[in-house]
>>> print(open('query39.tsv').read())   # TSV, C-alpha atoms
chain	number	residue	atom	x	y	z
A	1	MET	CA	15.29	-4.95	6.46
A	2	HIS	CA	12.20	-3.13	7.67
A	3	ILE	CA	8.91	-4.70	6.60
A	4	HIS	CA	5.69	-2.71	7.05
A	5	PRO	CA	3.84	-3.90	10.19
A	6	GLN	CA	0.60	-4.42	8.24
A	7	LEU	CA	2.35	-6.94	5.98
A	8	LEU	CA	3.84	-8.75	8.97
A	9	GLN	CA	0.43	-8.84	10.63
A	10	ASP	CA	-1.24	-10.26	7.51
A	11	CYS	CA	1.47	-12.77	6.60
A	12	HIS	CA	3.82	-15.53	7.63
A	13	ALA	CA	7.48	-14.68	6.90
A	14	LEU	CA	8.84	-17.76	5.11
A	15	GLY	CA	12.31	-16.64	4.04
A	16	HIS	CA	14.05	-14.56	1.42
A	17	PHE	CA	15.69	-14.54	-1.98
A	18	GLU	CA	18.56	-12.27	-3.01
A	19	ILE	CA	16.38	-9.14	-3.09
A	20	CYS	CA	12.89	-10.08	-1.90
A	21	HIS	CA	11.52	-11.23	1.39
A	22	VAL	CA	8.99	-14.02	0.93
A	23	LEU	CA	5.73	-13.60	2.81
A	24	LEU	CA	2.68	-15.86	2.69
A	25	HIS	CA	-0.75	-14.41	3.46
A	26	ARG	CA	-2.22	-16.03	6.58
A	27	ASN	CA	-5.51	-16.72	4.81
A	28	ALA	CA	-4.92	-20.13	3.29
A	29	ILE	CA	-8.14	-20.08	1.25
A	30	VAL	CA	-5.91	-19.25	-1.73
A	31	PRO	CA	-2.08	-19.60	-1.87
A	32	TRP	CA	-1.15	-15.93	-1.74
A	33	PHE	CA	2.52	-14.97	-1.67
A	34	ILE	CA	3.79	-11.44	-1.17
A	35	LEU	CA	7.35	-10.56	-2.19
A	36	VAL	CA	8.89	-7.51	-0.52
A	37	PRO	CA	12.01	-6.25	-2.31
A	38	ALA	CA	14.73	-4.48	-0.36
A	39	THR	CA	14.26	-1.04	-1.92
A	40	ASP	CA	12.98	2.42	-1.11
A	41	GLN	CA	11.08	2.68	-4.41
A	42	ILE	CA	7.33	2.36	-4.03
A	43	ASP	CA	6.45	1.27	-7.60
A	44	LEU	CA	7.65	-1.83	-9.45
A	45	LEU	CA	8.17	0.08	-12.70
A	46	ASP	CA	10.45	2.61	-10.96
A	47	LEU	CA	12.99	-0.04	-9.95
A	48	PRO	CA	16.36	0.07	-11.74
A	49	ALA	CA	16.22	-2.40	-14.64
A	50	GLU	CA	18.69	-4.90	-13.15
A	51	THR	CA	16.95	-4.94	-9.79
A	52	ARG	CA	13.58	-5.40	-11.47
A	53	THR	CA	14.89	-8.30	-13.53
A	54	THR	CA	16.04	-10.08	-10.37
A	55	VAL	CA	12.75	-9.33	-8.61
A	56	MET	CA	10.86	-10.83	-11.55
A	57	GLN	CA	13.11	-13.94	-11.49
A	58	GLU	CA	12.30	-14.35	-7.80
A	59	GLY	CA	8.62	-13.98	-8.60
A	60	GLU	CA	9.01	-16.60	-11.31
A	61	ALA	CA	10.36	-19.05	-8.72
A	62	ILE	CA	7.21	-18.58	-6.63
A	63	SER	CA	5.03	-18.93	-9.71
A	64	ARG	CA	6.76	-22.18	-10.69
A	65	TYR	CA	6.21	-23.45	-7.16
A	66	LEU	CA	2.49	-22.62	-7.34
A	67	LYS	CA	2.09	-24.29	-10.73
A	68	SER	CA	4.36	-27.32	-10.38
A	69	LYS	CA	3.91	-28.20	-6.71
A	70	LEU	CA	0.42	-26.92	-5.84
A	71	ASP	CA	-1.10	-27.56	-9.29
A	72	TYR	CA	-2.51	-24.10	-9.83
A	73	PRO	CA	-3.02	-23.43	-13.55
A	74	LYS	CA	-3.06	-19.65	-13.22
A	75	VAL	CA	-1.03	-17.07	-11.32
A	76	ASN	CA	-2.18	-13.52	-10.62
A	77	PHE	CA	0.61	-10.96	-10.37
A	78	ALA	CA	0.16	-7.44	-9.00
A	79	ALA	CA	2.01	-4.55	-7.44
A	80	LEU	CA	-0.61	-2.14	-6.13
A	81	GLY	CA	0.41	-0.52	-2.84
A	82	ASN	CA	-2.48	1.91	-2.45
A	83	VAL	CA	-2.96	0.92	1.21
A	84	VAL	CA	0.49	-0.26	2.33
A	85	PRO	CA	2.96	2.08	0.62
A	86	GLN	CA	6.02	-0.19	0.88
A	87	LEU	CA	6.57	-1.94	-2.47
A	88	HIS	CA	5.18	-5.44	-2.29
A	89	ILE	CA	4.25	-7.86	-5.03
A	90	HIS	CA	1.28	-10.20	-4.90
A	91	ILE	CA	1.74	-13.62	-6.53
A	92	ILE	CA	-1.38	-15.70	-6.11
A	93	GLY	CA	-2.32	-19.18	-7.28
A	94	ARG	CA	-5.76	-19.13	-8.88
A	95	LYS	CA	-8.08	-21.70	-10.44
A	96	PRO	CA	-11.65	-21.79	-11.69
A	97	GLY	CA	-13.96	-22.44	-8.75
A	98	ASP	CA	-11.65	-21.03	-6.09
A	99	ASP	CA	-13.07	-18.83	-3.34
A	100	CYS	CA	-13.62	-15.71	-5.47
A	101	TRP	CA	-12.96	-16.83	-9.05
A	102	PRO	CA	-12.77	-14.96	-11.40
A	103	ALA	CA	-12.65	-11.81	-9.25
A	104	PRO	CA	-9.32	-10.48	-8.01
A	105	VAL	CA	-8.64	-11.46	-4.40
A	106	TRP	CA	-8.55	-7.95	-2.89
A	107	GLY	CA	-11.78	-7.35	-1.00
A	108	ASN	CA	-13.41	-10.39	-2.57
A	109	LEU	CA	-12.33	-13.37	-0.45
A	110	ASN	CA	-15.31	-14.79	1.43
A	111	GLY	CA	-13.77	-17.81	3.10
A	112	ALA	CA	-10.90	-18.07	5.53
A	113	ALA	CA	-8.55	-20.86	6.50
A	114	GLU	CA	-5.34	-21.16	8.48
A	115	TYR	CA	-2.10	-22.92	7.61
A	116	LYS	CA	-1.04	-25.58	10.10
A	117	PRO	CA	2.56	-25.27	11.34
A	118	ALA	CA	3.46	-28.54	9.59
A	119	GLU	CA	2.11	-27.16	6.31
A	120	LEU	CA	4.22	-24.03	6.63
A	121	ASP	CA	7.28	-26.14	7.43
A	122	ALA	CA	6.69	-28.31	4.37
A	123	MET	CA	6.25	-25.28	2.09
A	124	GLN	CA	9.43	-23.70	3.44
A	125	ARG	CA	11.38	-26.91	2.91
A	126	VAL	CA	10.34	-27.26	-0.73
A	127	LEU	CA	10.96	-23.58	-1.46
A	128	VAL	CA	14.45	-23.86	0.00
A	129	GLN	CA	15.38	-27.20	-1.54
A	130	GLU	CA	13.95	-26.69	-5.03
A	131	PHE	CA	13.32	-22.99	-5.63
A	132	GLY	CA	16.32	-21.18	-4.18
A	133	MET	CA	14.69	-19.52	-1.17
A	134	GLN	CA	16.80	-19.02	1.93
A	135	LEU	CA	15.58	-19.15	5.49
A	136	ASN	CA	15.71	-15.97	7.57
A	137	ASP	CA	18.26	-15.77	10.38
B	1	MET	CA	-1.66	-9.89	-34.03
B	2	HIS	CA	-4.95	-11.14	-32.61
B	3	ILE	CA	-6.29	-9.17	-29.65
B	4	HIS	CA	-9.15	-10.62	-27.60
B	5	PRO	CA	-12.47	-8.97	-28.63
B	6	GLN	CA	-13.31	-8.09	-25.02
B	7	LEU	CA	-10.13	-6.00	-24.78
B	8	LEU	CA	-10.88	-4.26	-28.05
B	9	GLN	CA	-14.42	-3.55	-26.88
B	10	ASP	CA	-13.21	-2.10	-23.58
B	11	CYS	CA	-10.31	-0.08	-24.95
B	12	HIS	CA	-8.96	2.35	-27.52
B	13	ALA	CA	-6.01	0.93	-29.49
B	14	LEU	CA	-3.33	3.65	-29.33
B	15	GLY	CA	-0.32	1.96	-30.91
B	16	HIS	CA	2.40	-0.52	-30.11
B	17	PHE	CA	5.92	-0.99	-28.82
B	18	GLU	CA	8.31	-3.73	-29.94
B	19	ILE	CA	6.38	-6.51	-28.17
B	20	CYS	CA	3.24	-4.98	-26.66
B	21	HIS	CA	0.15	-3.43	-28.14
B	22	VAL	CA	-0.89	-0.33	-26.21
B	23	LEU	CA	-4.55	-0.14	-25.28
B	24	LEU	CA	-6.27	2.54	-23.20
B	25	HIS	CA	-9.43	1.68	-21.27
B	26	ARG	CA	-12.38	3.69	-22.60
B	27	ASN	CA	-13.37	4.75	-19.08
B	28	ALA	CA	-11.38	7.94	-18.62
B	29	ILE	CA	-12.23	8.24	-14.91
B	30	VAL	CA	-8.71	6.91	-14.27
B	31	PRO	CA	-5.88	6.67	-16.85
B	32	TRP	CA	-5.87	2.91	-17.38
B	33	PHE	CA	-3.48	1.43	-19.91
B	34	ILE	CA	-3.46	-2.22	-20.92
B	35	LEU	CA	-0.39	-3.69	-22.62
B	36	VAL	CA	-0.93	-6.83	-24.69
B	37	PRO	CA	2.33	-8.66	-25.51
B	38	ALA	CA	2.61	-10.70	-28.68
B	39	THR	CA	2.86	-14.11	-27.03
B	40	ASP	CA	0.87	-17.29	-26.51
B	41	GLN	CA	1.79	-17.45	-22.81
B	42	ILE	CA	-1.07	-16.55	-20.49
B	43	ASP	CA	0.96	-15.57	-17.39
B	44	LEU	CA	3.56	-12.79	-17.10
B	45	LEU	CA	5.90	-14.95	-15.01
B	46	ASP	CA	5.91	-17.68	-17.69
B	47	LEU	CA	7.40	-15.40	-20.34
B	48	PRO	CA	10.99	-16.12	-21.40
B	49	ALA	CA	13.29	-13.83	-19.37
B	50	GLU	CA	14.36	-11.65	-22.31
B	51	THR	CA	10.81	-11.14	-23.50
B	52	ARG	CA	9.67	-10.29	-19.99
B	53	THR	CA	12.46	-7.74	-19.60
B	54	THR	CA	11.34	-5.97	-22.77
B	55	VAL	CA	7.70	-6.10	-21.70
B	56	MET	CA	8.63	-4.52	-18.37
B	57	GLN	CA	10.63	-1.78	-20.18
B	58	GLU	CA	7.57	-1.04	-22.29
B	59	GLY	CA	5.48	-0.90	-19.13
B	60	GLU	CA	8.03	1.46	-17.61
B	61	ALA	CA	7.55	3.83	-20.56
B	62	ILE	CA	3.81	3.97	-19.84
B	63	SER	CA	4.47	4.46	-16.13
B	64	ARG	CA	6.86	7.34	-16.84
B	65	TYR	CA	4.20	8.89	-19.07
B	66	LEU	CA	1.60	8.62	-16.29
B	67	LYS	CA	3.91	10.13	-13.71
B	68	SER	CA	5.74	12.79	-15.71
B	69	LYS	CA	2.99	13.96	-18.09
B	70	LEU	CA	-0.26	13.28	-16.20
B	71	ASP	CA	1.17	13.93	-12.72
B	72	TYR	CA	0.02	10.68	-11.14
B	73	PRO	CA	2.16	9.89	-8.07
B	74	LYS	CA	1.32	6.18	-8.05
B	75	VAL	CA	1.05	3.44	-10.66
B	76	ASN	CA	-0.78	0.14	-10.13
B	77	PHE	CA	0.63	-2.78	-12.10
B	78	ALA	CA	-1.17	-6.09	-12.55
B	79	ALA	CA	-1.40	-9.14	-14.78
B	80	LEU	CA	-4.52	-11.05	-13.74
B	81	GLY	CA	-6.32	-12.60	-16.71
B	82	ASN	CA	-8.98	-14.53	-14.83
B	83	VAL	CA	-11.71	-13.25	-17.17
B	84	VAL	CA	-9.90	-12.54	-20.45
B	85	PRO	CA	-7.31	-15.32	-20.80
B	86	GLN	CA	-5.01	-13.53	-23.26
B	87	LEU	CA	-2.02	-12.11	-21.35
B	88	HIS	CA	-2.60	-8.41	-20.73
B	89	ILE	CA	-0.99	-6.07	-18.26
B	90	HIS	CA	-2.81	-3.30	-16.44
B	91	ILE	CA	-0.85	-0.09	-15.81
B	92	ILE	CA	-3.03	2.46	-14.07
B	93	GLY	CA	-2.34	5.95	-12.79
B	94	ARG	CA	-3.66	6.33	-9.26
B	95	LYS	CA	-3.81	9.12	-6.68
B	96	PRO	CA	-5.45	9.68	-3.30
B	97	GLY	CA	-9.01	10.86	-3.84
B	98	ASP	CA	-9.45	9.27	-7.27
B	99	ASP	CA	-12.68	7.46	-8.13
B	100	CYS	CA	-12.08	4.35	-6.02
B	101	TRP	CA	-8.94	5.15	-3.98
B	102	PRO	CA	-7.46	3.12	-2.31
B	103	ALA	CA	-9.34	0.12	-3.74
B	104	PRO	CA	-8.06	-1.63	-6.86
B	105	VAL	CA	-9.96	-0.53	-9.98
B	106	TRP	CA	-11.47	-3.91	-10.91
B	107	GLY	CA	-15.15	-3.90	-9.98
B	108	ASN	CA	-14.74	-0.73	-7.91
B	109	LEU	CA	-15.01	2.16	-10.36
B	110	ASN	CA	-18.18	4.14	-9.72
B	111	GLY	CA	-17.83	6.98	-12.18
B	112	ALA	CA	-17.45	6.95	-15.93
B	113	ALA	CA	-16.06	9.42	-18.43
B	114	GLU	CA	-15.12	9.34	-22.11
B	115	TYR	CA	-11.99	10.54	-23.84
B	116	LYS	CA	-12.57	13.16	-26.53
B	117	PRO	CA	-10.94	12.38	-29.90
B	118	ALA	CA	-8.61	15.36	-29.45
B	119	GLU	CA	-7.48	14.01	-26.07
B	120	LEU	CA	-6.69	10.62	-27.59
B	121	ASP	CA	-4.78	12.29	-30.42
B	122	ALA	CA	-2.74	14.32	-27.94
B	123	MET	CA	-1.92	11.26	-25.83
B	124	GLN	CA	-0.86	9.32	-28.90
B	125	ARG	CA	1.35	12.16	-30.08
B	126	VAL	CA	3.20	12.44	-26.76
B	127	LEU	CA	3.60	8.66	-26.44
B	128	VAL	CA	5.09	8.51	-29.94
B	129	GLN	CA	7.31	11.58	-29.68
B	130	GLU	CA	8.65	11.07	-26.16
B	131	PHE	CA	8.07	7.47	-25.07
B	132	GLY	CA	8.90	5.33	-28.08
B	133	MET	CA	5.40	4.12	-28.99
B	134	GLN	CA	4.66	3.49	-32.66
B	135	LEU	CA	1.34	4.03	-34.38
B	136	ASN	CA	-0.49	1.00	-35.75
B	137	ASP	CA	-0.67	0.61	-39.53
>>> encode(input="query39.tsv", output="structure tokens")
Amino acid sequence: MHIHPQLLQDCHALGHFEICHVLLHRNAIVPWFILVPATDQIDLLDLPAETRTTVMQEGEAISRYLKSKLDYPKVNFAALGNVVPQLHIHIIGRKPGDDCWPAPVWGNLNGAAEYKPAELDAMQRVLVQEFGMQLND
Amino acid sequence: MHIHPQLLQDCHALGHFEICHVLLHRNAIVPWFILVPATDQIDLLDLPAETRTTVMQEGEAISRYLKSKLDYPKVNFAALGNVVPQLHIHIIGRKPGDDCWPAPVWGNLNGAAEYKPAELDAMQRVLVQEFGMQLND
């Protein structure tokens, strides 16, 4: 599946579910996942109902990971796509006092941090073992 | 159903679907709907699957209205809730050259405009007649 080069530049590719590729924004200042469904539609609400239901289930898996494993009380969910036209869905762990709370992340993150390779490996392992993600070939 | 006072202050209450109240942001510079589901959950991805499916169908009706009746090519979809904790879903018609394109609307709208009562009446009528919305008692 083709993924827009801007998304690949901004993110680590962690794996995939049935429909969505699972990307993780390189800026570790907040845990910011981006799901990219295999579709030509550009808007979430234009997806066929069955596809959208599966996409939302895959998003729910990421949200449960953020809440149960990373202890984030709040998850922001958004499909915008004004800059990168390929449909992609932001799922972001948020908490009071984080880098730009309560503002949305877009354009408002001040800090920056990088994931260490061991951190990425650990996240991948948990997502595969407990949340149904599959590794990419 | 209780709706958070900040939402009622910011929006016109147009009607409701089966699960969601339909609000319209008072700033008419972009067509900005806010759906408020009848639920105590605060995050979209925590809704029971059946409820979430219906909420997404109701959002799809608003999106179809924005695209087919108001000629917006793009719809932004987001459930954030960092400021107002009650679950509410933003569904916003967007197009290149609009007030803050391509930025997200939150914190980025420069202009302001008001809906005229006749405009609100016309929107309500179309949403009821063609998109399944019901008027509030």
>>> residues_near_point(input="query39.tsv", point="(11.0, 4.5, -9.2)", cutoff="12 Å", atoms="only C-alpha atoms", output="list in words")
Thr39, Asp40, Gln41, Ile42, Asp43, Leu44, Leu45, Asp46, Leu47, Pro48, Ala49, Thr51, Arg52 and Leu87 of chain A; Glu60, Ala61, Ser63, Arg64, Lys67, Ser68, Pro73, Lys74 and Val75 of chain B
>>> interface_residues(input="query39.tsv", of="chain A", to="chain B", cutoff="6 Å", atoms="all atoms listed in the file", output="MDAnalysis selection string")
chainID A and resid 45 60 76:80 82 102
>>> atom_distance(input="query39.tsv", atom1="atom CA of B:Leu120", atom2="atom CA of B:Ala13")
9.9 Å
>>> closest_residue(input="query39.tsv", among="A:Asp71, A:Gly97, A:Gly111, A:Leu14", to="A:Val126", atoms="all atoms listed in the file")
A:Leu14
>>> residues_around(input="query39.tsv", residues="B:Val128", least_positions_apart="3", cutoff="12 Å", atoms="all atoms listed in the file", output="PyMOL selection string")
chain B and resi 14-17+22+61-62+65+121-125+131-136
